[in-house]
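Pasting query.cif here (mmCIF, C-alpha atoms and all ligand atoms; chains and numbers go by the auth columns):
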```
data_my_file
loop_
_atom_site.group_PDB
_atom_site.id
_atom_site.type_symbol
_atom_site.label_atom_id
_atom_site.label_comp_id
_atom_site.label_asym_id
_atom_site.label_seq_id
_atom_site.Cartn_x
_atom_site.Cartn_y
_atom_site.Cartn_z
_atom_site.B_iso_or_equiv
_atom_site.auth_seq_id
_atom_site.auth_asym_id
ATOM 1 C CA MET A 1 135.404 68.501 130.658 0.00 1 A
ATOM 2 C CA ARG A 2 135.954 65.571 132.978 0.00 2 A
ATOM 3 C CA THR A 3 136.829 62.165 131.672 0.00 3 A
ATOM 4 C CA PRO A 4 133.572 60.275 131.215 0.00 4 A
ATOM 5 C CA LYS A 5 132.980 56.956 132.910 0.00 5 A
ATOM 6 C CA PHE A 6 132.296 53.928 130.790 0.00 6 A
ATOM 7 C CA SER A 7 130.266 51.148 132.322 0.00 7 A
ATOM 8 C CA LYS A 8 131.600 48.312 130.151 0.00 8 A
ATOM 9 C CA ARG A 9 135.041 48.807 131.611 0.00 9 A
ATOM 10 C CA PRO A 10 135.901 46.522 134.516 0.00 10 A
ATOM 11 C CA LYS A 11 136.432 48.896 137.440 0.00 11 A
ATOM 12 C CA ALA A 12 139.664 47.298 138.617 0.00 12 A
ATOM 13 C CA ILE A 13 141.533 48.333 135.456 0.00 13 A
ATOM 14 C CA PRO A 14 142.620 51.985 135.085 0.00 14 A
ATOM 15 C CA LEU A 15 140.860 53.704 132.186 0.00 15 A
ATOM 16 C CA LEU A 16 144.021 54.395 130.198 0.00 16 A
ATOM 17 C CA GLU A 17 145.235 50.838 130.506 0.00 17 A
ATOM 18 C CA TRP A 18 141.823 49.517 129.511 0.00 18 A
ATOM 19 C CA LEU A 19 141.592 51.803 126.466 0.00 19 A
ATOM 20 C CA LEU A 20 145.002 50.717 125.219 0.00 20 A
ATOM 21 C CA SER A 21 144.061 47.078 125.807 0.00 21 A
ATOM 22 C CA GLN A 22 141.214 47.594 123.300 0.00 22 A
ATOM 23 C CA CYS A 23 143.737 48.377 120.556 0.00 23 A
ATOM 24 C CA SER A 24 145.815 46.150 118.348 0.00 24 A
ATOM 25 C CA GLU A 25 149.537 45.613 118.857 0.00 25 A
ATOM 26 C CA PRO A 26 151.593 48.386 117.181 0.00 26 A
ATOM 27 C CA ASP A 27 151.824 47.929 113.412 0.00 27 A
ATOM 28 C CA GLU A 28 154.878 48.764 111.257 0.00 28 A
ATOM 29 C CA ASN A 29 154.257 52.500 111.755 0.00 29 A
ATOM 30 C CA GLY A 30 153.786 52.143 115.495 0.00 30 A
ATOM 31 C CA CYS A 31 150.023 52.707 115.130 0.00 31 A
ATOM 32 C CA ARG A 32 147.765 50.896 117.557 0.00 32 A
ATOM 33 C CA VAL A 33 144.405 50.445 115.898 0.00 33 A
ATOM 34 C CA TRP A 34 141.197 50.784 117.912 0.00 34 A
ATOM 35 C CA GLU A 35 139.371 47.484 117.713 0.00 35 A
ATOM 36 C CA ARG A 36 136.008 48.629 119.024 0.00 36 A
ATOM 37 C CA HIS A 37 133.490 50.976 117.431 0.00 37 A
ATOM 38 C CA LEU A 38 134.562 53.419 114.710 0.00 38 A
ATOM 39 C CA ASN A 39 132.489 56.440 113.748 0.00 39 A
ATOM 40 C CA ARG A 40 133.427 57.695 110.247 0.00 40 A
ATOM 41 C CA GLY A 41 136.769 55.999 110.692 0.00 41 A
ATOM 42 C CA GLN A 42 137.424 57.673 114.049 0.00 42 A
ATOM 43 C CA ALA A 43 137.941 55.670 117.239 0.00 43 A
ATOM 44 C CA VAL A 44 135.023 56.431 119.567 0.00 44 A
ATOM 45 C CA LEU A 45 133.492 55.155 122.758 0.00 45 A
ATOM 46 C CA THR A 46 129.758 55.446 123.212 0.00 46 A
ATOM 47 C CA ASN A 47 128.090 55.568 126.558 0.00 47 A
ATOM 48 C CA SER A 48 124.372 56.040 127.179 0.00 48 A
ATOM 49 C CA THR A 49 124.843 58.822 129.738 0.00 49 A
ATOM 50 C CA HIS A 50 127.808 60.684 128.294 0.00 50 A
ATOM 51 C CA GLY A 51 127.290 60.223 124.552 0.00 51 A
ATOM 52 C CA THR A 52 130.047 59.578 122.052 0.00 52 A
ATOM 53 C CA HIS A 53 133.616 60.509 122.841 0.00 53 A
ATOM 54 C CA ALA A 54 136.713 60.418 120.695 0.00 54 A
ATOM 55 C CA VAL A 55 139.089 57.904 122.228 0.00 55 A
ATOM 56 C CA PRO A 56 142.288 59.950 121.599 0.00 56 A
ATOM 57 C CA ARG A 57 140.767 62.817 123.553 0.00 57 A
ATOM 58 C CA ILE A 58 140.086 60.566 126.536 0.00 58 A
ATOM 59 C CA ILE A 59 143.578 59.071 126.353 0.00 59 A
ATOM 60 C CA TRP A 60 145.103 62.549 126.103 0.00 60 A
ATOM 61 C CA MET A 61 143.194 63.764 129.179 0.00 61 A
ATOM 62 C CA GLU A 62 144.184 60.661 131.129 0.00 62 A
ATOM 63 C CA LEU A 63 147.837 61.371 130.339 0.00 63 A
ATOM 64 C CA HIS A 64 147.984 65.173 130.432 0.00 64 A
ATOM 65 C CA GLY A 65 144.868 66.368 132.268 0.00 65 A
ATOM 66 C CA ALA A 66 141.759 68.194 131.046 0.00 66 A
ATOM 67 C CA ILE A 67 141.840 70.218 127.832 0.00 67 A
ATOM 68 C CA SER A 68 139.555 72.914 126.532 0.00 68 A
ATOM 69 C CA ASP A 69 136.787 71.950 124.085 0.00 69 A
ATOM 70 C CA THR A 70 138.358 74.203 121.467 0.00 70 A
ATOM 71 C CA ILE A 71 141.446 72.007 121.349 0.00 71 A
ATOM 72 C CA LYS A 72 141.324 68.996 119.085 0.00 72 A
ATOM 73 C CA ILE A 73 143.538 65.961 119.319 0.00 73 A
ATOM 74 C CA ARG A 74 145.024 65.031 115.978 0.00 74 A
ATOM 75 C CA ARG A 75 147.412 62.320 114.933 0.00 75 A
ATOM 76 C CA LYS A 76 150.767 62.701 113.201 0.00 76 A
ATOM 77 C CA CYS A 77 150.046 59.417 111.411 0.00 77 A
ATOM 78 C CA ARG A 78 146.660 60.780 110.185 0.00 78 A
ATOM 79 C CA LYS A 79 145.038 57.414 110.833 0.00 79 A
ATOM 80 C CA GLY A 80 141.605 57.899 112.415 0.00 80 A
ATOM 81 C CA SER A 81 141.575 54.541 114.132 0.00 81 A
ATOM 82 C CA CYS A 82 145.035 54.933 115.708 0.00 82 A
ATOM 83 C CA CYS A 83 145.161 55.281 119.497 0.00 83 A
ATOM 84 C CA GLU A 84 148.910 55.331 120.012 0.00 84 A
ATOM 85 C CA PRO A 85 149.433 58.217 122.485 0.00 85 A
ATOM 86 C CA SER A 86 152.813 59.219 121.038 0.00 86 A
ATOM 87 C CA HIS A 87 151.099 59.915 117.687 0.00 87 A
ATOM 88 C CA PHE A 88 148.778 62.535 119.188 0.00 88 A
ATOM 89 C CA TYR A 89 149.238 66.269 119.166 0.00 89 A
ATOM 90 C CA GLN A 90 147.049 69.172 120.223 0.00 90 A
ATOM 91 C CA TRP A 91 145.508 71.165 117.424 0.00 91 A
ATOM 92 C CA THR A 92 143.601 74.442 117.534 0.00 92 A
ATOM 93 C CA PRO A 93 142.506 76.627 114.607 0.00 93 A
ATOM 94 C CA LEU A 94 145.494 78.860 115.443 0.00 94 A
ATOM 95 C CA THR A 95 147.947 76.021 114.825 0.00 95 A
ATOM 96 C CA LYS A 96 147.158 76.388 111.139 0.00 96 A
ATOM 97 C CA VAL A 97 148.283 80.024 111.070 0.00 97 A
ATOM 98 C CA ALA A 98 151.419 79.317 113.078 0.00 98 A
ATOM 99 C CA LYS A 99 152.606 76.469 110.856 0.00 99 A
ATOM 100 C CA PRO A 100 155.597 77.384 108.716 0.00 100 A
ATOM 101 C CA GLY A 101 154.637 77.758 105.087 0.00 101 A
ATOM 102 C CA TYR A 102 151.122 78.934 105.853 0.00 102 A
ATOM 103 C CA ARG A 103 150.877 82.553 104.911 0.00 103 A
ATOM 104 C CA HIS A 104 147.934 84.852 104.560 0.00 104 A
ATOM 105 C CA GLY A 105 147.316 88.219 103.018 0.00 105 A
ATOM 106 C CA GLU A 106 149.724 89.437 100.363 0.00 106 A
ATOM 107 C CA ALA A 107 152.404 87.003 101.562 0.00 107 A
ATOM 108 C CA SER A 108 150.234 84.169 100.288 0.00 108 A
ATOM 109 C CA PRO A 109 151.607 82.861 96.990 0.00 109 A
ATOM 110 C CA ARG A 110 148.018 82.588 95.711 0.00 110 A
ATOM 111 C CA SER A 111 147.167 86.211 96.265 0.00 111 A
ATOM 112 C CA LYS A 112 146.973 88.536 93.285 0.00 112 A
ATOM 113 C CA LEU A 113 146.231 91.455 95.545 0.00 113 A
ATOM 114 C CA LYS A 114 148.486 93.589 97.692 0.00 114 A
ATOM 115 C CA ASP A 115 147.631 95.158 101.025 0.00 115 A
ATOM 116 C CA ALA A 116 147.274 98.561 99.338 0.00 116 A
ATOM 117 C CA ASP A 117 144.751 97.095 96.862 0.00 117 A
ATOM 118 C CA ILE A 118 142.614 95.797 99.696 0.00 118 A
ATOM 119 C CA LEU A 119 142.483 99.212 101.313 0.00 119 A
ATOM 120 C CA GLU A 120 141.581 100.794 97.986 0.00 120 A
ATOM 121 C CA ILE A 121 138.927 98.138 97.255 0.00 121 A
ATOM 122 C CA ARG A 122 137.293 98.664 100.655 0.00 122 A
ATOM 123 C CA SER A 123 137.398 102.408 100.175 0.00 123 A
ATOM 124 C CA ARG A 124 135.817 102.180 96.709 0.00 124 A
ATOM 125 C CA LEU A 125 133.044 99.875 97.949 0.00 125 A
ATOM 126 C CA HIS A 126 132.466 102.240 100.827 0.00 126 A
ATOM 127 C CA ARG A 127 132.054 105.081 98.344 0.00 127 A
ATOM 128 C CA GLY A 128 129.373 103.075 96.547 0.00 128 A
ATOM 129 C CA HIS A 129 131.302 101.427 93.707 0.00 129 A
ATOM 130 C CA LEU A 130 129.744 98.173 92.555 0.00 130 A
ATOM 131 C CA ARG A 131 131.433 94.918 93.529 0.00 131 A
ATOM 132 C CA LYS A 132 131.332 93.841 89.906 0.00 132 A
ATOM 133 C CA SER A 133 133.202 96.871 88.590 0.00 133 A
ATOM 134 C CA VAL A 134 135.800 96.600 91.363 0.00 134 A
ATOM 135 C CA ALA A 135 136.192 92.888 90.572 0.00 135 A
ATOM 136 C CA ILE A 136 136.808 93.636 86.896 0.00 136 A
ATOM 137 C CA ASP A 137 139.367 96.355 87.675 0.00 137 A
ATOM 138 C CA TYR A 138 141.375 94.013 89.877 0.00 138 A
ATOM 139 C CA SER A 139 140.797 90.870 87.752 0.00 139 A
ATOM 140 C CA VAL A 140 139.311 88.948 90.644 0.00 140 A
ATOM 141 C CA ASP A 141 136.045 87.192 91.342 0.00 141 A
ATOM 142 C CA VAL A 142 132.996 89.083 92.607 0.00 142 A
ATOM 143 C CA GLY A 143 132.993 86.591 95.504 0.00 143 A
ATOM 144 C CA THR A 144 136.533 87.608 96.386 0.00 144 A
ATOM 145 C CA VAL A 145 135.453 91.249 96.506 0.00 145 A
ATOM 146 C CA ALA A 146 132.463 90.362 98.707 0.00 146 A
ATOM 147 C CA ASP A 147 134.753 88.470 101.102 0.00 147 A
ATOM 148 C CA ILE A 148 137.076 91.463 101.313 0.00 148 A
ATOM 149 C CA GLN A 149 134.169 93.845 101.887 0.00 149 A
ATOM 150 C CA GLN A 150 132.626 91.728 104.611 0.00 150 A
ATOM 151 C CA GLY A 151 135.933 91.114 106.321 0.00 151 A
ATOM 152 C CA ARG A 152 135.972 87.353 105.796 0.00 152 A
ATOM 153 C CA THR A 153 139.401 87.718 104.233 0.00 153 A
ATOM 154 C CA TRP A 154 142.267 90.150 104.814 0.00 154 A
ATOM 155 C CA LYS A 155 141.152 90.424 108.443 0.00 155 A
ATOM 156 C CA HIS A 156 144.506 91.863 109.476 0.00 156 A
ATOM 157 C CA LEU A 157 143.680 95.005 107.473 0.00 157 A
ATOM 158 C CA LEU A 158 140.324 95.658 109.119 0.00 158 A
HETATM 159 ZN ZN ZN B . 149.296 56.199 114.566 0.00 1 B
#
```

Written as structure tokens, how would this file's structure read?
Amino acid sequence: MRTPKFSKRPKAIPLLEWLLSQCSEPDENGCRVWERHLNRGQAVLTNSTHGTHAVPRIIWMELHGAISDTIKIRRKCRKGSCCEPSHFYQWTPLTKVAKPGYRHGEASPRSKLKDADILEIRSRLHRGHLRKSVAIDYSVDVGTVADIQQGRTWKHLL
């Protein structure tokens, strides 16, 4: 995606400089708050041709070049109106898995089930056992069993 053009911006000023000039001075946390339009608390720029764009994304692309649509720009400060470039980081759904402390499968502290149980559950369902009876045997929810059967959870054992 190319950086959209915004007509309200005076052409003589570079986009990045103009965007940052639309923000407040840094506050005590170093956050520079977007002083134009917010959409659900997020800093956005709206343009009739290009639609609505998240300001951090535009700033990021001005600084680092184009990024894929699957990458999101998040803020360390978690403040939706903040446009301070040093607070931004790239986030993809995979970042969640890679984060220390995030575990899935039997390593998850919330899991009652072990890898071997999952294999046995899938095998029993495959042989025609009812979800409800499997759920009772393993003291889990019927929904949990359905998720296991349909591969929404425990994907690494599929
Ligand atoms: Zn911030």

If you count only C-alpha atoms and all ligand atoms, which residues end up within 6 Å of ligand ZN 1 (chain B), as a ChimeraX atom specification? /A:31,77,79,82,84,87

Contacts of stretch 129-142 of chain A at 12 Å or less, counting all atoms listed in the file, minus same-chain residues fewer than 2 places along, as a list in words?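 Everything that qualifies: Arg110, Ser111, Lys112, Leu113, Lys114, Asp117, Ile118, Glu120, Ile121, Arg122, Ser123, Arg124, Leu125, His126, Arg127, Thr144, Val145, Ala146, Asp147, Ile148, Gln149 and Gln150 of chain A.
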
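Atom to atom, atom CA of A:Ser81 and atom CA of A:Thr46 stand 14.9 Å apart.
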
Quick one: of A:Gly80, A:Gly143, A:Gly51, A:Pro14, who's nearest to A:Leu38, counting only C-alpha atoms?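 For A:Leu38, the nearest of the candidates is A:Gly80.
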
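With all atoms listed in the file as the atoms that count, the minimum distance from A:Thr92 to the choices A:Ile73, A:Arg78, A:Ala12, A:Arg32 is reached by A:Ile73.
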